[in-house]
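File shown here: structure.tsv, holding TSV, C-alpha atoms.
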```
chain	number	residue	atom	x	y	z
A	921	MET	CA	123.72	130.80	117.24
A	922	GLU	CA	124.56	131.75	113.67
A	923	LYS	CA	123.20	130.21	110.49
A	924	CYS	CA	124.99	129.50	107.23
A	925	LEU	CA	123.93	128.21	103.83
A	926	PHE	CA	125.79	125.00	103.06
A	927	ILE	CA	125.39	123.37	99.64
A	928	ILE	CA	126.49	119.88	98.75
A	929	LYS	CA	127.36	120.44	95.10
A	930	PRO	CA	126.41	118.21	92.15
A	931	ASP	CA	129.82	116.51	92.02
A	932	ALA	CA	129.46	115.29	95.60
A	933	LYS	CA	125.79	114.33	95.14
A	934	LEU	CA	126.60	112.35	91.97
A	935	ARG	CA	129.35	110.47	93.85
A	936	GLN	CA	126.88	109.85	96.72
A	937	LEU	CA	129.02	111.69	99.26
A	938	ASP	CA	126.14	113.63	100.81
A	939	LYS	CA	125.66	111.27	103.76
A	940	GLU	CA	129.38	111.28	104.56
A	941	ILE	CA	129.54	115.07	104.37
A	942	LYS	CA	126.51	115.45	106.65
A	943	LYS	CA	128.10	113.01	109.13
A	944	MET	CA	131.24	115.16	109.13
A	945	LEU	CA	129.13	118.23	109.90
A	946	THR	CA	127.17	116.70	112.75
A	947	ALA	CA	130.32	115.15	114.24
A	948	LYS	CA	131.67	118.72	114.54
A	949	HIS	CA	128.47	119.89	116.28
A	950	PHE	CA	126.80	121.66	113.37
A	951	ALA	CA	123.02	121.42	113.55
A	952	ILE	CA	121.20	120.95	110.24
A	953	VAL	CA	118.08	123.08	110.75
A	954	ASP	CA	116.65	122.94	107.22
A	955	ALA	CA	117.38	120.98	104.07
A	956	LYS	CA	116.15	120.45	100.55
A	957	GLU	CA	117.35	118.92	97.32
A	958	MET	CA	117.00	120.83	94.10
A	959	THR	CA	118.53	121.37	90.69
A	960	LEU	CA	119.46	125.02	90.49
A	961	ASN	CA	118.51	127.13	87.50
A	962	ASP	CA	120.87	129.69	85.94
A	963	GLU	CA	119.54	132.56	88.05
A	964	GLN	CA	119.91	130.62	91.31
A	965	ALA	CA	123.43	129.46	90.46
A	966	SER	CA	124.40	132.99	89.44
A	967	PHE	CA	123.27	134.24	92.86
A	968	LEU	CA	126.21	132.32	94.36
A	969	THR	CA	128.99	133.72	92.15
A	970	GLU	CA	129.99	136.98	93.86
A	971	ASP	CA	133.68	136.14	94.27
A	972	LEU	CA	134.29	134.49	90.89
A	973	SER	CA	135.88	135.88	87.73
A	974	LEU	CA	133.73	136.18	84.58
A	975	GLN	CA	135.25	133.00	83.13
A	976	GLU	CA	134.75	131.08	86.39
A	977	LYS	CA	131.14	132.29	86.66
A	978	ALA	CA	130.14	130.66	83.37
A	979	SER	CA	131.77	127.35	84.33
A	980	TYR	CA	130.28	127.51	87.81
A	981	ILE	CA	126.76	128.15	86.53
A	982	ASP	CA	127.04	125.31	84.01
A	983	PHE	CA	128.27	122.98	86.72
A	984	MET	CA	125.81	123.98	89.45
A	985	THR	CA	122.84	123.51	87.10
A	986	CYS	CA	123.91	120.11	85.72
A	987	ALA	CA	122.44	117.94	88.49
A	988	PRO	CA	120.78	118.21	91.90
A	989	CYS	CA	122.41	119.89	94.88
A	990	GLU	CA	121.49	119.49	98.51
A	991	LEU	CA	120.94	122.81	100.24
A	992	LEU	CA	121.30	122.88	104.01
A	993	VAL	CA	120.93	125.56	106.61
A	994	ILE	CA	123.46	124.78	109.29
A	995	GLU	CA	123.70	126.40	112.69
A	996	ARG	CA	126.37	126.66	115.33
A	997	LYS	CA	127.99	129.16	117.64
A	998	LYS	CA	130.58	131.09	115.58
A	999	VAL	CA	129.56	129.11	112.50
A	1000	PHE	CA	131.78	130.87	109.95
A	1001	PRO	CA	135.27	130.12	111.31
A	1002	GLN	CA	134.09	126.62	112.18
A	1003	VAL	CA	132.62	125.88	108.75
A	1004	ARG	CA	135.82	127.12	107.09
A	1005	ARG	CA	137.81	124.79	109.32
A	1006	ILE	CA	135.78	121.73	108.27
A	1007	THR	CA	135.42	122.59	104.56
A	1008	GLY	CA	138.98	123.74	103.92
A	1009	ASN	CA	140.43	125.97	101.23
A	1010	ASP	CA	138.39	126.53	98.03
A	1011	TYR	CA	141.24	124.84	96.16
A	1012	PRO	CA	141.25	121.19	97.29
A	1013	GLN	CA	145.01	120.84	96.71
A	1014	ALA	CA	145.60	123.67	99.23
A	1015	ALA	CA	143.03	122.45	101.77
A	1016	ASP	CA	144.19	120.99	105.07
A	1017	LYS	CA	144.24	117.20	105.20
A	1018	GLY	CA	140.97	115.72	106.42
A	1019	THR	CA	138.77	118.64	105.37
A	1020	ILE	CA	135.78	118.06	103.11
A	1021	ARG	CA	137.45	119.68	100.11
A	1022	SER	CA	140.77	117.88	100.58
A	1023	ARG	CA	138.94	114.55	100.74
A	1024	PHE	CA	136.31	115.05	98.06
A	1025	GLY	CA	137.22	118.09	95.93
A	1026	ILE	CA	138.69	118.05	92.44
A	1027	ASP	CA	139.29	121.75	91.68
A	1028	ARG	CA	137.99	125.18	92.75
A	1029	ILE	CA	134.62	124.69	91.02
A	1030	HIS	CA	134.22	120.94	91.65
A	1031	ASN	CA	135.13	121.14	95.34
A	1032	ALA	CA	132.16	119.26	96.80
A	1033	VAL	CA	130.57	122.07	98.84
A	1034	TYR	CA	129.63	125.73	98.92
A	1035	THR	CA	129.28	127.77	102.11
A	1036	SER	CA	128.18	131.32	102.76
A	1037	PRO	CA	131.27	133.47	103.34
A	1038	ASP	CA	129.83	135.63	106.14
A	1039	LEU	CA	126.72	136.34	108.20
A	1040	GLU	CA	125.34	139.10	105.96
A	1041	THR	CA	125.63	136.93	102.83
A	1042	ALA	CA	124.23	133.91	104.67
A	1043	GLU	CA	121.10	135.81	105.65
A	1044	LYS	CA	120.51	136.87	102.04
A	1045	GLU	CA	121.20	133.37	100.66
A	1046	ILE	CA	119.02	131.57	103.19
A	1047	GLU	CA	116.14	133.99	102.52
A	1048	TYR	CA	116.62	133.51	98.76
A	1049	PHE	CA	116.71	129.71	98.79
A	1050	PHE	CA	114.42	128.93	101.71
```
Output the file's structure as C-alpha cells, nothing else.
Amino acid sequence: MEKCLFIIKPDAKLRQLDKEIKKMLTAKHFAIVDAKEMTLNDEQASFLTEDLSLQEKASYIDFMTCAPCELLVIERKKVFPQVRRITGNDYPQAADKGTIRSRFGIDRIHNAVYTSPDLETAEKEIEYFF
C-alpha cells in the first residue's frame, strides 16, 4: 500500500465540501489513515509550491493560509494514478467530468484539493505535516 498527502483546500472547506470529497475518496477505496484540520502558516504553504511559478507561489501561499485546510493521509494500492483519476487535472476546466476538481474547482489555485505528486514527495510531506 502507498500513502499520499491529500489536502482539502480552504475554498472547499469554506463551502463545506469536505464531507462530500471524503465520501468520493472512500467510495473509490481510498483509506483515510490520518487526518487533521489546521490553518497553514506561510512556511507550511510554501512547502507545497514546488511546481508553481513565482507569481503563482505568492497567490497560493496567500490562499492556503487564509482559512483552515483538512490534511489527510490516504492509502491505497497504486495510490498515485488512482488519486489523479479521482481529482482530475489541476485546471478544473480541463478536468474530466465527475472528478473532484471538475465539480468543485474554480481555477488552478482554487481547485478544491492538493495531492502529493509522487511517492518520494508524499513521504516528505507526510513526515513534515504529521
Determine, for each residue of stretch 950-1043 of chain A having at least one atom at most 8 Å from an atom of stretch 925-943 of chain A, the closest pair of atoms and their separation in Å to one decimal, counting all atoms listed in the file; order by chain and ascending number, as CSV.
```
residue,atom,partner,partner_atom,distance
A:Phe983,CA,A:Pro930,CA,7.5
A:Met984,CA,A:Pro930,CA,6.4
A:Cys986,CA,A:Pro930,CA,7.2
A:Ala987,CA,A:Pro930,CA,5.4
A:Pro988,CA,A:Pro930,CA,5.6
A:Cys989,CA,A:Lys929,CA,5.0
A:Glu990,CA,A:Ile928,CA,5.0
A:Leu991,CA,A:Ile927,CA,4.5
A:Leu992,CA,A:Phe926,CA,5.1
A:Val993,CA,A:Leu925,CA,4.9
A:Ile994,CA,A:Leu925,CA,6.5
A:Ile1020,CA,A:Ile941,CA,7.0
A:Phe1024,CA,A:Ala932,CA,7.3
A:His1030,CA,A:Asp931,CA,6.3
A:Asn1031,CA,A:Asp931,CA,7.8
A:Ala1032,CA,A:Ala932,CA,4.9
A:Val1033,CA,A:Ile928,CA,4.6
A:Tyr1034,CA,A:Ile927,CA,4.9
A:Thr1035,CA,A:Phe926,CA,4.6
A:Ser1036,CA,A:Leu925,CA,5.4
A:Ala1042,CA,A:Leu925,CA,5.8
```
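With only C-alpha atoms as the atoms that count, the minimum distance from A:Arg1028 to the choices A:Leu968, A:Ala978, A:Ala1014, A:Ala947 is reached by A:Ala1014.
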Long-range neighbours of A:Phe967 as a list of chain:residue names, 9 Å cut-off, all atoms listed in the file, 4 positions minimum in chain: A:Asp962, A:Glu963, A:Glu1045, A:Tyr1048
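The closest residue to A:Lys923, picked from A:Ala1015, A:Met944, A:Ile1046, A:Ala955 and counting all atoms listed in the file, is A:Ile1046.
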Find the smallest box with edges along x, y and z containing every listed atom of stretch 972-982 of chain A, then add 4 Å on each side and report centre and edge lengths in Å to one decimal, as lines of an AutoDock Vina configuration file.
```
center_x = 131.3
center_y = 130.7
center_z = 87.0
size_x = 17.1
size_y = 18.9
size_z = 15.8
```
Quick one: residues within 9 Å of A:Gln964, all atoms listed in the file, excluding same-chain residues fewer than 5 positions away - as a list in words?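 The neighbour list is Ile981, Thr985, Tyr1048 and Phe1049 of chain A.
The residue that comes closest to A:Asn1009, out of A:Glu995, A:Asp954, A:Asp1027, A:Glu976 and on the basis of only C-alpha atoms, is A:Asp1027.
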Just checking: using all atoms listed in the file, which residue out of A:Ser966, A:Asn961, A:Gln1002, A:Gln975 ends up closest to A:Leu945?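 Closest residue, counting all atoms listed in the file: A:Gln1002.
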In Å, how far is it from atom CA of A:Met921 to atom CA of A:Lys997? 4.6 Å
May I ask for the distance between atom CA of A:Gln1013 and atom CA of A:Glu970, given in Å to one decimal place?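 It comes out at 22.2 Å.
If you look at atom CA of A:Ile1006 and atom CA of A:Thr1019, they are 5.2 Å away from each other.
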Near A:Glu922, within 8 Å and counting all atoms listed in the file, which residues show up once chain neighbours fewer than 2 positions away are dropped, as a list in words? Cys924, Glu995, Arg996, Lys997, Lys998, Val999 and Leu1039 of chain A
Can those selected residues be exported to a file as a compact mmCIF listing (two decimals), in the frame of the given file so that it contains C-alpha atoms?
```txt
# COMPACT_ATOMS: atom_id res chain seq x y z
CA CYS A 924 124.99 129.50 107.23
CA GLU A 995 123.70 126.40 112.69
CA ARG A 996 126.37 126.66 115.33
CA LYS A 997 127.99 129.16 117.64
CA LYS A 998 130.58 131.09 115.58
CA VAL A 999 129.56 129.11 112.50
CA LEU A 1039 126.72 136.34 108.20
```
